[in-house]
$ cat entry.tsv   # TSV, C-alpha atoms and all ligand atoms
chain	number	residue	atom	x	y	z
V	208	MET	CA	121.66	103.35	95.13
V	209	GLY	CA	121.99	99.85	93.56
V	210	GLN	CA	120.21	98.51	90.50
V	211	PRO	CA	117.26	100.49	89.13
V	212	VAL	CA	113.80	98.99	89.59
V	213	ASN	CA	112.45	97.71	86.25
V	214	VAL	CA	108.94	99.04	85.68
V	215	GLY	CA	106.26	97.54	83.40
V	216	VAL	CA	103.32	99.86	82.73
V	217	VAL	CA	99.78	98.62	82.04
V	218	GLY	CA	97.53	101.36	80.58
V	219	CYS	CA	98.99	103.93	78.19
V	220	GLY	CA	96.22	106.57	78.14
V	221	ALA	CA	96.07	110.26	79.01
V	222	ILE	CA	98.11	110.18	82.24
V	223	SER	CA	100.86	107.80	81.08
V	224	ALA	CA	103.04	110.45	79.37
V	225	GLN	CA	103.61	112.25	82.70
V	226	TYR	CA	104.85	109.01	84.30
V	227	PHE	CA	107.08	108.15	81.34
V	228	ARG	CA	108.77	111.57	81.60
V	229	THR	CA	109.40	111.16	85.35
V	230	ILE	CA	110.65	107.57	85.05
V	231	ASP	CA	112.98	108.70	82.24
V	232	ARG	CA	114.67	111.31	84.47
V	233	LEU	CA	114.88	109.30	87.72
V	234	PRO	CA	117.84	106.87	87.83
V	235	ARG	CA	116.10	104.72	90.46
V	236	LEU	CA	113.47	103.64	87.90
V	237	ARG	CA	113.78	102.07	84.43
V	238	LEU	CA	110.86	101.61	82.02
V	239	VAL	CA	111.24	98.20	80.38
V	240	ALA	CA	107.81	97.28	78.98
V	241	VAL	CA	104.30	98.60	78.43
V	242	ALA	CA	100.92	96.99	77.70
V	243	ASP	CA	97.43	98.23	76.85
V	244	LEU	CA	94.23	96.71	75.46
V	245	ASP	CA	95.01	99.03	72.52
V	246	LEU	CA	98.54	98.04	71.41
V	247	ASP	CA	98.75	100.90	68.89
V	248	ARG	CA	98.14	103.35	71.74
V	249	ALA	CA	100.91	101.66	73.75
V	250	ARG	CA	103.34	101.82	70.78
V	251	GLU	CA	102.57	105.49	70.21
V	252	ALA	CA	102.94	106.32	73.92
V	253	VAL	CA	106.50	104.95	74.18
V	254	ARG	CA	107.71	106.11	70.75
V	255	PRO	CA	110.00	108.75	72.38
V	256	TYR	CA	111.71	106.12	74.57
V	257	ALA	CA	114.22	103.67	73.07
V	258	GLY	CA	114.26	100.01	74.07
V	259	VAL	CA	110.82	99.78	75.72
V	260	GLU	CA	108.96	96.60	74.74
V	261	VAL	CA	105.27	96.68	73.83
V	262	LEU	CA	103.66	93.48	75.15
V	263	SER	CA	100.26	91.98	75.86
V	264	VAL	CA	99.16	92.24	79.51
V	265	ALA	CA	99.83	88.49	79.99
V	266	GLU	CA	103.32	88.79	78.47
V	267	LEU	CA	104.17	91.78	80.65
V	268	MET	CA	103.03	89.95	83.79
V	269	ALA	CA	105.12	86.88	82.84
V	270	ASP	CA	108.23	88.89	81.90
V	271	PRO	CA	110.95	88.18	84.49
V	272	ARG	CA	112.62	91.54	83.78
V	273	VAL	CA	109.61	93.43	85.17
V	274	ASP	CA	110.08	94.00	88.94
V	275	LEU	CA	107.11	96.31	89.48
V	276	VAL	CA	103.83	96.85	87.61
V	277	LEU	CA	102.65	100.46	87.30
V	278	ASN	CA	98.87	100.23	86.86
V	279	LEU	CA	97.57	103.21	84.86
V	280	THR	CA	94.34	101.60	83.68
V	281	VAL	CA	90.87	103.03	84.37
V	282	PRO	CA	89.61	102.59	87.98
V	283	ALA	CA	87.27	99.67	87.12
V	284	ALA	CA	90.32	97.67	85.93
V	285	HIS	CA	92.69	98.58	88.80
V	286	ALA	CA	91.88	95.51	90.93
V	287	GLU	CA	91.95	93.01	88.05
V	288	ILE	CA	95.36	94.23	86.81
V	289	ALA	CA	96.78	94.52	90.34
V	290	LEU	CA	95.67	90.96	91.16
V	291	GLN	CA	97.42	89.68	88.02
V	292	ALA	CA	100.64	91.48	89.03
V	293	ILE	CA	100.40	90.13	92.58
V	294	ALA	CA	99.81	86.58	91.25
V	295	ALA	CA	102.97	87.01	89.16
V	296	GLY	CA	104.89	87.91	92.36
V	297	LYS	CA	105.41	91.54	91.41
V	298	ASP	CA	104.96	94.72	93.44
V	299	VAL	CA	102.21	96.93	92.02
V	300	TYR	CA	101.63	100.68	92.15
V	301	CYS	CA	98.19	101.91	91.01
V	302	GLU	CA	96.85	105.21	89.87
V	303	LYS	CA	94.06	106.44	92.13
V	304	PRO	CA	91.61	105.38	93.41
V	305	LEU	CA	93.18	102.14	94.67
V	306	ALA	CA	90.18	100.26	93.22
V	307	ALA	CA	86.62	101.06	92.16
V	308	THR	CA	85.27	99.65	95.45
V	309	ALA	CA	86.71	99.07	98.92
V	310	ALA	CA	85.79	95.36	98.59
V	311	ASP	CA	87.98	95.07	95.47
V	312	ALA	CA	90.79	96.93	97.24
V	313	GLU	CA	90.50	94.63	100.25
V	314	ARG	CA	90.91	91.57	97.99
V	315	MET	CA	93.93	93.20	96.42
V	316	LEU	CA	95.64	93.95	99.74
V	317	ALA	CA	94.86	90.47	101.11
V	318	ALA	CA	96.37	88.83	98.01
V	319	ALA	CA	99.44	91.08	98.24
V	320	GLY	CA	99.91	90.22	101.92
V	321	ALA	CA	99.69	86.49	101.16
V	322	ALA	CA	102.13	86.79	98.23
V	323	ARG	CA	104.48	89.07	100.24
V	324	VAL	CA	104.48	91.76	97.55
V	325	ARG	CA	103.77	95.43	98.09
V	326	VAL	CA	100.93	97.64	96.88
V	327	GLY	CA	101.35	101.37	96.39
V	328	CYS	CA	98.99	104.02	95.08
V	329	ALA	CA	98.79	107.58	93.79
V	330	PRO	CA	98.41	110.43	94.56
V	331	ASP	CA	102.03	111.40	95.04
V	332	THR	CA	101.32	115.11	94.57
V	333	VAL	CA	101.04	115.34	98.38
V	334	LEU	CA	104.77	114.48	98.60
V	335	GLY	CA	105.61	117.74	96.80
V	336	THR	CA	106.53	121.02	98.48
V	337	GLY	CA	102.91	122.26	98.68
V	338	THR	CA	101.27	119.78	101.07
V	339	GLN	CA	104.61	118.91	102.76
V	340	THR	CA	105.43	122.55	103.61
V	341	ALA	CA	101.92	122.95	105.05
V	342	ARG	CA	102.37	119.75	107.05
V	343	LYS	CA	105.69	121.00	108.45
V	344	ALA	CA	104.01	124.27	109.45
V	345	LEU	CA	101.39	122.26	111.35
V	346	ASP	CA	103.98	119.97	112.94
V	347	ASP	CA	106.05	123.03	113.95
V	348	GLY	CA	102.96	124.40	115.74
V	349	LEU	CA	102.60	127.52	113.56
V	350	ILE	CA	98.79	127.59	113.88
V	351	GLY	CA	98.53	125.71	117.17
V	352	ARG	CA	96.24	122.71	117.58
V	353	PRO	CA	94.32	122.09	114.33
V	354	VAL	CA	90.57	122.38	114.86
V	355	ALA	CA	89.04	122.23	111.38
V	356	ALA	CA	89.73	122.16	107.64
V	357	THR	CA	87.84	122.85	104.43
V	358	ALA	CA	88.52	121.15	101.07
V	359	THR	CA	86.85	122.41	97.89
V	360	MET	CA	87.12	121.05	94.35
V	361	VAL	CA	84.62	122.20	91.77
V	362	THR	CA	84.63	121.87	87.99
V	363	PRO	CA	81.88	121.60	85.36
V	364	GLY	CA	83.22	118.10	84.50
V	365	HIS	CA	86.20	116.39	82.81
V	366	GLU	CA	84.17	115.47	79.69
V	367	ARG	CA	85.01	118.96	78.43
V	368	TRP	CA	88.69	118.01	77.86
V	369	HIS	CA	89.16	114.20	78.27
V	370	PRO	CA	88.67	112.34	74.94
V	371	ASN	CA	87.40	109.16	76.72
V	372	PRO	CA	85.67	110.46	79.87
V	373	ASP	CA	83.29	107.49	80.37
V	374	PHE	CA	85.13	106.27	83.49
V	375	TYR	CA	84.51	109.55	85.32
V	376	TYR	CA	80.74	108.86	85.31
V	377	VAL	CA	80.59	105.19	86.38
V	378	PRO	CA	81.36	103.55	89.77
V	379	GLY	CA	85.00	104.29	90.60
V	380	GLY	CA	84.52	107.78	89.13
V	381	GLY	CA	82.44	110.84	90.03
V	382	PRO	CA	84.02	113.92	91.62
V	383	LEU	CA	84.60	112.14	94.92
V	384	LEU	CA	86.40	108.99	93.76
V	385	ASP	CA	88.22	110.88	91.00
V	386	MET	CA	89.39	114.02	92.84
V	387	GLY	CA	88.72	113.01	96.46
V	388	PRO	CA	91.95	110.98	96.66
V	389	TYR	CA	94.03	114.18	96.30
V	390	TYR	CA	92.07	116.11	98.91
V	391	ILE	CA	91.48	113.32	101.42
V	392	THR	CA	95.08	112.03	101.16
V	393	SER	CA	96.20	115.59	101.83
V	394	LEU	CA	93.78	115.93	104.79
V	395	VAL	CA	95.03	112.62	106.26
V	396	THR	CA	98.64	113.77	105.72
V	397	LEU	CA	97.86	117.03	107.53
V	398	LEU	CA	95.38	115.92	110.23
V	399	GLY	CA	95.66	112.13	110.47
V	400	PRO	CA	93.11	109.34	109.92
V	401	VAL	CA	89.31	109.67	109.92
V	402	THR	CA	86.94	107.90	112.31
V	403	THR	CA	83.43	109.02	111.18
V	404	VAL	CA	81.88	110.64	108.11
V	405	ILE	CA	78.57	112.33	107.29
V	406	GLY	CA	77.78	112.79	103.60
V	407	ALA	CA	75.19	114.21	101.20
V	408	ALA	CA	75.19	113.93	97.40
V	409	SER	CA	73.24	114.81	94.26
V	410	ARG	CA	73.22	114.17	90.49
V	411	THR	CA	72.13	116.91	88.11
V	412	ARG	CA	71.78	114.97	84.85
V	413	SER	CA	71.81	111.42	83.52
V	414	LYS	CA	73.99	112.12	80.45
V	415	ARG	CA	77.09	114.14	79.63
V	416	THR	CA	78.43	115.22	76.22
V	417	ILE	CA	82.07	114.58	75.23
V	418	GLY	CA	83.72	117.89	74.36
V	419	SER	CA	86.98	116.90	72.64
V	420	GLY	CA	88.70	114.26	70.48
V	421	PRO	CA	87.26	111.84	67.92
V	422	ARG	CA	84.12	111.18	70.04
V	423	ARG	CA	83.26	114.89	70.44
V	424	GLY	CA	79.47	115.34	70.63
V	425	GLU	CA	78.82	111.75	71.81
V	426	GLU	CA	76.58	111.41	74.89
V	427	ILE	CA	77.72	109.14	77.72
V	428	PRO	CA	75.64	107.83	80.65
V	429	VAL	CA	76.07	109.16	84.21
V	430	THR	CA	75.55	106.49	86.88
V	431	VAL	CA	77.22	108.20	89.87
V	432	ASP	CA	76.55	111.28	91.99
V	433	THR	CA	78.22	114.39	90.61
V	434	HIS	CA	78.07	116.74	93.63
V	435	VAL	CA	79.26	115.26	96.93
V	436	THR	CA	79.65	117.09	100.20
V	437	GLY	CA	80.38	115.92	103.71
V	438	VAL	CA	82.15	116.17	107.04
V	439	LEU	CA	85.12	114.02	108.10
V	440	VAL	CA	85.74	113.57	111.81
V	441	HIS	CA	89.47	112.93	112.32
V	442	ALA	CA	90.75	110.75	115.18
V	443	SER	CA	92.49	113.91	116.46
V	444	GLY	CA	89.06	115.56	116.89
V	445	ALA	CA	89.58	117.97	113.95
V	446	LEU	CA	86.62	118.30	111.55
V	447	SER	CA	87.09	118.60	107.77
V	448	THR	CA	84.31	119.87	105.49
V	449	LEU	CA	84.51	118.58	101.91
V	450	VAL	CA	82.88	119.77	98.66
V	451	MET	CA	83.65	117.76	95.48
V	452	SER	CA	81.64	118.72	92.41
V	453	PHE	CA	81.41	118.14	88.66
V	454	ASP	CA	78.37	120.46	88.74
V	455	ALA	CA	79.82	123.92	89.33
V	456	ALA	CA	81.41	126.44	86.97
V	457	ALA	CA	84.09	127.93	89.23
V	458	THR	CA	85.04	128.85	92.79
V	459	LYS	CA	87.16	131.39	94.63
V	460	ALA	CA	87.49	129.13	97.70
V	461	SER	CA	90.95	127.82	98.67
V	462	HIS	CA	91.56	124.19	97.69
V	463	ILE	CA	92.29	123.42	101.35
V	464	GLU	CA	92.37	125.59	104.48
V	465	VAL	CA	93.32	124.38	107.95
V	466	HIS	CA	92.24	126.36	110.99
V	467	GLY	CA	94.07	126.02	114.29
V	468	GLU	CA	93.75	127.58	117.73
V	469	LYS	CA	96.45	130.18	116.88
V	470	GLY	CA	95.99	130.73	113.15
V	471	SER	CA	94.86	129.57	109.72
V	472	LEU	CA	96.78	127.96	106.88
V	473	VAL	CA	96.05	127.94	103.15
V	474	VAL	CA	97.25	124.69	101.54
V	475	PRO	CA	97.82	124.67	97.76
V	476	ASN	CA	96.02	122.46	95.24
V	477	PRO	CA	96.67	118.83	96.32
V	478	ASN	CA	96.44	117.81	92.64
V	479	HIS	CA	99.69	119.80	92.13
V	480	PHE	CA	103.08	119.17	93.70
V	481	ASP	CA	103.77	122.79	94.68
V	482	GLY	CA	102.07	126.13	95.17
V	483	PRO	CA	101.88	128.92	97.74
V	484	VAL	CA	101.39	128.04	101.41
V	485	LEU	CA	99.92	130.98	103.35
V	486	VAL	CA	99.53	131.56	107.06
V	487	SER	CA	97.64	134.13	109.11
V	488	GLY	CA	97.78	134.25	112.90
V	489	VAL	CA	94.90	135.28	115.16
V	490	GLY	CA	94.86	139.11	115.13
V	491	GLU	CA	97.22	139.39	112.13
V	492	GLU	CA	96.31	141.46	109.04
V	493	GLY	CA	96.53	139.51	105.76
V	494	TRP	CA	98.54	136.38	104.90
V	495	ARG	CA	102.26	135.51	105.04
V	496	ASP	CA	103.78	133.32	102.31
V	497	LEU	CA	105.78	130.38	103.71
V	498	PRO	CA	108.83	129.38	101.63
V	499	ALA	CA	109.08	125.73	100.54
V	500	ALA	CA	110.50	123.94	103.59
V	501	ALA	CA	109.67	120.28	102.95
V	502	GLY	CA	108.78	117.90	100.12
V	503	TYR	CA	110.16	116.84	96.76
V	504	LEU	CA	111.31	119.77	94.63
V	505	ASP	CA	110.66	119.89	90.90
V	506	ALA	CA	108.45	116.81	91.21
V	507	GLY	CA	106.21	115.14	88.63
V	508	ARG	CA	103.81	112.19	88.67
V	509	GLY	CA	105.97	109.16	89.46
V	510	VAL	CA	108.01	110.60	92.38
V	511	GLY	CA	105.74	108.58	94.69
V	512	LEU	CA	106.59	105.47	92.67
V	513	ALA	CA	110.33	106.20	93.18
V	514	ASP	CA	109.70	106.82	96.90
V	515	PHE	CA	107.75	103.52	97.06
V	516	ALA	CA	110.55	101.64	95.26
V	517	ALA	CA	113.13	103.08	97.69
V	518	THR	CA	111.20	102.22	100.88
V	519	PRO	CA	113.06	99.51	102.81
V	520	ALA	CA	111.29	96.14	103.16
V	521	GLY	CA	109.14	95.97	106.28
V	522	GLU	CA	108.40	99.70	106.28
V	523	GLU	CA	105.03	101.10	105.10
V	524	PRO	CA	105.67	103.29	102.03
V	525	ARG	CA	104.37	106.88	102.12
V	526	THR	CA	102.25	106.02	99.07
V	527	GLY	CA	101.37	102.63	100.57
V	528	GLY	CA	98.21	100.55	100.29
V	529	SER	CA	96.93	101.13	103.82
V	530	LEU	CA	96.69	104.90	103.31
V	531	ALA	CA	95.05	104.45	99.87
V	532	PHE	CA	92.63	101.90	101.34
V	533	HIS	CA	91.68	104.23	104.20
V	534	VAL	CA	91.05	107.07	101.72
V	535	LEU	CA	88.88	104.79	99.54
V	536	ASP	CA	86.99	103.60	102.65
V	537	VAL	CA	86.34	107.22	103.68
V	538	MET	CA	85.03	108.05	100.19
V	539	GLU	CA	82.81	104.98	99.94
V	540	SER	CA	81.47	105.66	103.44
V	541	LEU	CA	80.63	109.27	102.50
V	542	LEU	CA	78.51	107.93	99.63
V	543	ALA	CA	76.91	105.32	101.91
V	544	SER	CA	76.11	108.08	104.42
V	545	ALA	CA	74.62	110.19	101.61
V	546	ARG	CA	72.32	107.27	100.72
V	547	SER	CA	71.28	106.40	104.28
V	548	GLY	CA	71.25	109.86	105.81
V	549	ALA	CA	73.19	108.51	108.81
V	550	ALA	CA	76.76	109.02	109.98
V	551	VAL	CA	79.10	106.12	109.10
V	552	ALA	CA	81.90	104.90	111.39
V	553	ILE	CA	85.17	104.23	109.52
V	554	THR	CA	86.56	100.82	110.38
V	555	SER	CA	89.90	101.18	108.57
V	556	THR	CA	92.74	103.39	109.72
V	557	CYS	CA	96.33	104.17	108.78
V	558	GLU	CA	99.40	105.89	110.08
V	559	ARG	CA	99.87	109.51	109.13
V	560	PRO	CA	102.52	109.05	106.39
V	561	ARG	CA	106.08	110.04	107.34
V	562	PRO	CA	107.01	113.61	106.31
V	563	VAL	CA	109.33	114.24	103.35
V	564	GLY	CA	112.40	116.43	103.91
V	565	LEU	CA	113.20	119.16	101.36
V	566	LEU	CA	114.76	116.98	98.66
V	567	PRO	CA	115.29	116.82	94.91
V	568	ALA	CA	112.80	114.55	93.10
V	569	GLY	CA	114.17	111.01	93.12
V	570	GLY	CA	115.92	111.50	96.46
V	571	HIS	CA	114.53	109.51	99.37
V	572	SER	CA	114.04	110.72	102.89
V	573	ALA	CA	113.89	108.04	105.56
V	601	LIG	N1	93.82	111.88	82.89
V	601	LIG	C1	94.29	112.49	83.96
V	601	LIG	O1	94.52	113.73	83.97
V	601	LIG	C2	94.58	111.73	85.21
V	601	LIG	C3	95.25	112.42	86.23
V	601	LIG	C4	95.61	111.72	87.38
V	601	LIG	C5	95.25	110.40	87.52
V	601	LIG	N2	94.54	109.77	86.55
V	601	LIG	C6	94.19	108.36	86.79
V	601	LIG	O2	94.95	107.57	85.90
V	601	LIG	C7	94.19	106.40	85.50
V	601	LIG	C8	94.09	106.38	84.00
V	601	LIG	O3	93.49	107.59	83.58
V	601	LIG	P1	93.66	108.09	82.07
V	601	LIG	O4	93.07	109.46	82.04
V	601	LIG	O5	95.06	107.87	81.61
V	601	LIG	O6	92.64	107.06	81.37
V	601	LIG	P2	92.58	106.67	79.80
V	601	LIG	O7	91.24	106.12	79.56
V	601	LIG	O8	93.08	107.82	78.99
V	601	LIG	O9	93.67	105.50	79.71
V	601	LIG	C9	93.51	104.24	80.32
V	601	LIG	C10	94.20	103.21	79.46
V	601	LIG	O10	94.10	101.93	80.11
V	601	LIG	C11	93.81	100.96	79.14
V	601	LIG	N3	93.13	99.84	79.79
V	601	LIG	C12	91.90	99.86	80.40
V	601	LIG	N4	91.63	98.65	80.90
V	601	LIG	C13	92.69	97.85	80.62
V	601	LIG	C14	92.99	96.48	80.87
V	601	LIG	N5	92.13	95.69	81.52
V	601	LIG	N6	94.16	96.00	80.42
V	601	LIG	C15	95.03	96.80	79.75
V	601	LIG	N7	94.80	98.10	79.48
V	601	LIG	C16	93.64	98.62	79.91
V	601	LIG	C17	92.93	101.67	78.12
V	601	LIG	O11	92.94	101.00	76.87
V	601	LIG	C18	93.57	103.05	78.07
V	601	LIG	O12	94.57	103.16	77.09
V	601	LIG	C19	92.85	106.52	86.22
V	601	LIG	O13	92.89	105.77	87.41
V	601	LIG	C20	92.73	108.00	86.55
V	601	LIG	O14	91.97	108.24	87.70
V	601	LIG	C21	94.23	110.38	85.38
$ encode --input "entry.tsv" --output "structure tokens" --more "lines below"
Ligand SMILES: NC(=O)c1ccc[n+]([C@@H]2O[C@H](COP(=O)([O-])OP(=O)(O)OC[C@H]3O[C@@H](n4cnc5c(N)ncnc54)[C@H](O)[C@@H]3O)[C@@H](O)[C@H]2O)c1
Amino acid sequence: MGQPVNVGVVGCGAISAQYFRTIDRLPRLRLVAVADLDLDRAREAVRPYAGVEVLSVAELMADPRVDLVLNLTVPAAHAEIALQAIAAGKDVYCEKPLAATAADAERMLAAAGAARVRVGCAPDTVLGTGTQTARKALDDGLIGRPVAATATMVTPGHERWHPNPDFYYVPGGGPLLDMGPYYITSLVTLLGPVTTVIGAASRTRSKRTIGSGPRRGEEIPVTVDTHVTGVLVHASGALSTLVMSFDAAATKASHIEVHGEKGSLVVPNPNHFDGPVLVSGVGEEGWRDLPAAAGYLDAGRGVGLADFAATPAGEEPRTGGSLAFHVLDVMESLLASARSGAAVAITSTCERPRPVGLLPAGGHSA
């Protein structure tokens, strides 16, 4: 396997602990340094891990031991931190979305191309057994030619549990940019890239109230739409219908369903690595459970980083920048369509990412 890749993490907030646990158990990756605007938060976050240095962002970028920067800052800071890593000649892997705007993401990818470094991006949940088993079922022809899909994510809003939920309600956030990456990355994995979108969106209130932590009770402004719905036209001709909402209490709809000429498939939550995959053929009673047949087993956030680090030079990583850019372009275009009332043609595209064989987390399938 060779030397582990030395990872420096910028941003030690809510999601960082999940990455630290995965990096700690995967021999391909080694956590060497962390940085955050709040150095006490960074120190606290890596307390369980011996030998990890707590540095300023500038020190981390300049540190020759850091091979790859893992960018776990809030979406509005993704591009700025990624551009610093790229300028330092380091590969960078961002939490989702790739950037707060497609224009920022475009600058990031152009700089990375010029510097000959690589950009990767979450979500990696779609590399788990849930989405990958569903993808294998499609590729094996279990439901015939895919015709349509539905994707539904509704919640009353993350301010109920996140202690610093401000970023969910400013550009780069909202239900679409926050949760859309899981659903749209899964839809592109299953059905391929998107060529046209039609969107509609609404906003129920201009303020939200923080429900947990030291700021409990504080009101924060809402400057983005909080219920977004739309249709994605895939290059294959399949049509996906999307509902992403921070304005609904609950739902009994499947996270994702794919309908084909011969049957229908229930795909588990794309924000999770695993979950039941169900199939029902035309004329069949009820649903059959498909056993896990593809994807990383026992995965956690960070398996996509290991997959990215193991991808040979010259090959597009499964969690690569072109997929993340296409997903961001689709989301931004849905919002543009919602504003204009017209369909928007998608100018970006990407390859459908290569499938993952049934593998332990930290393995790498070619
Ligand atoms: N919280 C979750 O459950 C969750 C799940 C999946 C993905 N994500 C994604 O992970 C990212 C981070 O989310 P979070 O919930 O951990 O946010 P958070 O607000 O809890 O943490 C972000 C951290 O980044 C630091 N930071 C912000 N700007 C910085 C800068 N310019 N330089 C250095 N540090 C900076 C902040 O001080 C903070 O500690 C987001 O992109 C989010 O979409 C979050």
$ atom_distance --input "entry.tsv" --atom1 "CA of Asp274 in chain V" --atom2 "CA of Pro234 in chain V"
15.1 Å
$ residues_near_point --input "entry.tsv" --point "(96.5, 92.2, 101.4)" --cutoff "12 Å" --atoms "only C-alpha atoms" --output "JSON, numbers by chain"
{"V": [286, 289, 290, 293, 298, 299, 310, 311, 312, 313, 314, 315, 316, 317, 318, 319, 320, 321, 322, 323, 324, 325, 326, 327, 527, 528, 529, 532]}
$ closest_residue --input "entry.tsv" --among "V:Gly507, V:Lys297, V:Ala455, V:Glu523" --to "ligand LIG 601 (chain V)" --atoms "only C-alpha atoms and all ligand atoms"
V:Gly507
$ residues_around --input "entry.tsv" --residues "range 357-363 of chain V" --least-positions-apart "6" --cutoff "8 Å" --atoms "all atoms listed in the file" --output "PDB file with C-alpha atoms, keeping the file's coordinate frame"
ATOM      1  CA  MET V 386      89.390 114.020  92.840  1.00  0.00           C
ATOM      2  CA  TYR V 390      92.070 116.110  98.910  1.00  0.00           C
ATOM      3  CA  SER V 447      87.090 118.600 107.770  1.00  0.00           C
ATOM      4  CA  THR V 448      84.310 119.870 105.490  1.00  0.00           C
ATOM      5  CA  LEU V 449      84.510 118.580 101.910  1.00  0.00           C
ATOM      6  CA  VAL V 450      82.880 119.770  98.660  1.00  0.00           C
ATOM      7  CA  MET V 451      83.650 117.760  95.480  1.00  0.00           C
ATOM      8  CA  SER V 452      81.640 118.720  92.410  1.00  0.00           C
ATOM      9  CA  PHE V 453      81.410 118.140  88.660  1.00  0.00           C
ATOM     10  CA  ASP V 454      78.370 120.460  88.740  1.00  0.00           C
ATOM     11  CA  ALA V 455      79.820 123.920  89.330  1.00  0.00           C
ATOM     12  CA  ALA V 456      81.410 126.440  86.970  1.00  0.00           C
ATOM     13  CA  ALA V 457      84.090 127.930  89.230  1.00  0.00           C
ATOM     14  CA  THR V 458      85.040 128.850  92.790  1.00  0.00           C
ATOM     15  CA  ALA V 460      87.490 129.130  97.700  1.00  0.00           C
ATOM     16  CA  SER V 461      90.950 127.820  98.670  1.00  0.00           C
ATOM     17  CA  HIS V 462      91.560 124.190  97.690  1.00  0.00           C
ATOM     18  CA  ILE V 463      92.290 123.420 101.350  1.00  0.00           C
ATOM     19  CA  GLU V 464      92.370 125.590 104.480  1.00  0.00           C
ATOM     20  CA  VAL V 465      93.320 124.380 107.950  1.00  0.00           C
TER      21      VAL V 465
END
$ residues_around --input "entry.tsv" --residues "Ser555 in chain V" --least-positions-apart "3" --cutoff "10 Å" --atoms "all atoms listed in the file" --output "PyMOL selection string"
chain V and resi 400-402+529-530+532-537+552
$ residues_near_point --input "entry.tsv" --point "(86.3, 113.7, 112.9)" --cutoff "10 Å" --atoms "only C-alpha atoms" --output "compact mmCIF listing (two decimals) with C-alpha atoms, in the coordinates of the input"
# COMPACT_ATOMS: atom_id res chain seq x y z
CA VAL V 354 90.57 122.38 114.86
CA ALA V 355 89.04 122.23 111.38
CA LEU V 398 95.38 115.92 110.23
CA GLY V 399 95.66 112.13 110.47
CA PRO V 400 93.11 109.34 109.92
CA VAL V 401 89.31 109.67 109.92
CA THR V 402 86.94 107.90 112.31
CA THR V 403 83.43 109.02 111.18
CA VAL V 404 81.88 110.64 108.11
CA ILE V 405 78.57 112.33 107.29
CA VAL V 438 82.15 116.17 107.04
CA LEU V 439 85.12 114.02 108.10
CA VAL V 440 85.74 113.57 111.81
CA HIS V 441 89.47 112.93 112.32
CA ALA V 442 90.75 110.75 115.18
CA SER V 443 92.49 113.91 116.46
CA GLY V 444 89.06 115.56 116.89
CA ALA V 445 89.58 117.97 113.95
CA LEU V 446 86.62 118.30 111.55
CA SER V 447 87.09 118.60 107.77
CA THR V 448 84.31 119.87 105.49
CA ALA V 552 81.90 104.90 111.39
$ residues_near_ligand --input "entry.tsv" --ligand "ligand LIG 601 (chain V)" --cutoff "6 Å" --atoms "only C-alpha atoms and all ligand atoms" --output "PyMOL selection string"
chain V and resi 217-223+243-245+279-282+284+302-303+371+385
$ write_last_selection --input "entry.tsv" --atoms "C-alpha atoms" --output "PDB file, in the frame of the given file"
ATOM      1  CA  VAL V 217      99.780  98.620  82.040  1.00  0.00           C
ATOM      2  CA  GLY V 218      97.530 101.360  80.580  1.00  0.00           C
ATOM      3  CA  CYS V 219      98.990 103.930  78.190  1.00  0.00           C
ATOM      4  CA  GLY V 220      96.220 106.570  78.140  1.00  0.00           C
ATOM      5  CA  ALA V 221      96.070 110.260  79.010  1.00  0.00           C
ATOM      6  CA  ILE V 222      98.110 110.180  82.240  1.00  0.00           C
ATOM      7  CA  SER V 223     100.860 107.800  81.080  1.00  0.00           C
ATOM      8  CA  ASP V 243      97.430  98.230  76.850  1.00  0.00           C
ATOM      9  CA  LEU V 244      94.230  96.710  75.460  1.00  0.00           C
ATOM     10  CA  ASP V 245      95.010  99.030  72.520  1.00  0.00           C
ATOM     11  CA  LEU V 279      97.570 103.210  84.860  1.00  0.00           C
ATOM     12  CA  THR V 280      94.340 101.600  83.680  1.00  0.00           C
ATOM     13  CA  VAL V 281      90.870 103.030  84.370  1.00  0.00           C
ATOM     14  CA  PRO V 282      89.610 102.590  87.980  1.00  0.00           C
ATOM     15  CA  ALA V 284      90.320  97.670  85.930  1.00  0.00           C
ATOM     16  CA  GLU V 302      96.850 105.210  89.870  1.00  0.00           C
ATOM     17  CA  LYS V 303      94.060 106.440  92.130  1.00  0.00           C
ATOM     18  CA  ASN V 371      87.400 109.160  76.720  1.00  0.00           C
ATOM     19  CA  ASP V 385      88.220 110.880  91.000  1.00  0.00           C
TER      20      ASP V 385
END
$ closest_residue --input "entry.tsv" --among "V:Ser471, V:Gly379, V:Gly351, V:Pro372" --to "Ile427 in chain V" --atoms "only C-alpha atoms"
V:Pro372
$ residues_around --input "entry.tsv" --residues "range 494-499 of chain V" --least-positions-apart "2" --cutoff "7 Å" --atoms "all atoms listed in the file" --output "PyMOL selection string"
chain V and resi 336+340+483-487+492+501
$ atom_distance --input "entry.tsv" --atom1 "CA of Ile350 in chain V" --atom2 "CA of Thr436 in chain V"
25.8 Å
$ atom_distance --input "entry.tsv" --atom1 "CA of Tyr256 in chain V" --atom2 "CA of Leu275 in chain V"
18.4 Å
$ residues_around --input "entry.tsv" --residues "Val253 in chain V" --least-positions-apart "4" --cutoff "8 Å" --atoms "only C-alpha atoms" --output "list of chain:residue names"
V:Phe227, V:Val241, V:Ala249, V:Ala257, V:Val259
$ residues_around --input "entry.tsv" --residues "Leu512 in chain V" --least-positions-apart "4" --cutoff "8 Å" --atoms "all atoms listed in the file" --output "PyMOL selection string"
chain V and resi 300+327+331+516+526
$ closest_residue --input "entry.tsv" --among "V:Pro560, V:Glu539, V:Ala517, V:Asp505" --to "Thr229 in chain V" --atoms "all atoms listed in the file"
V:Asp505
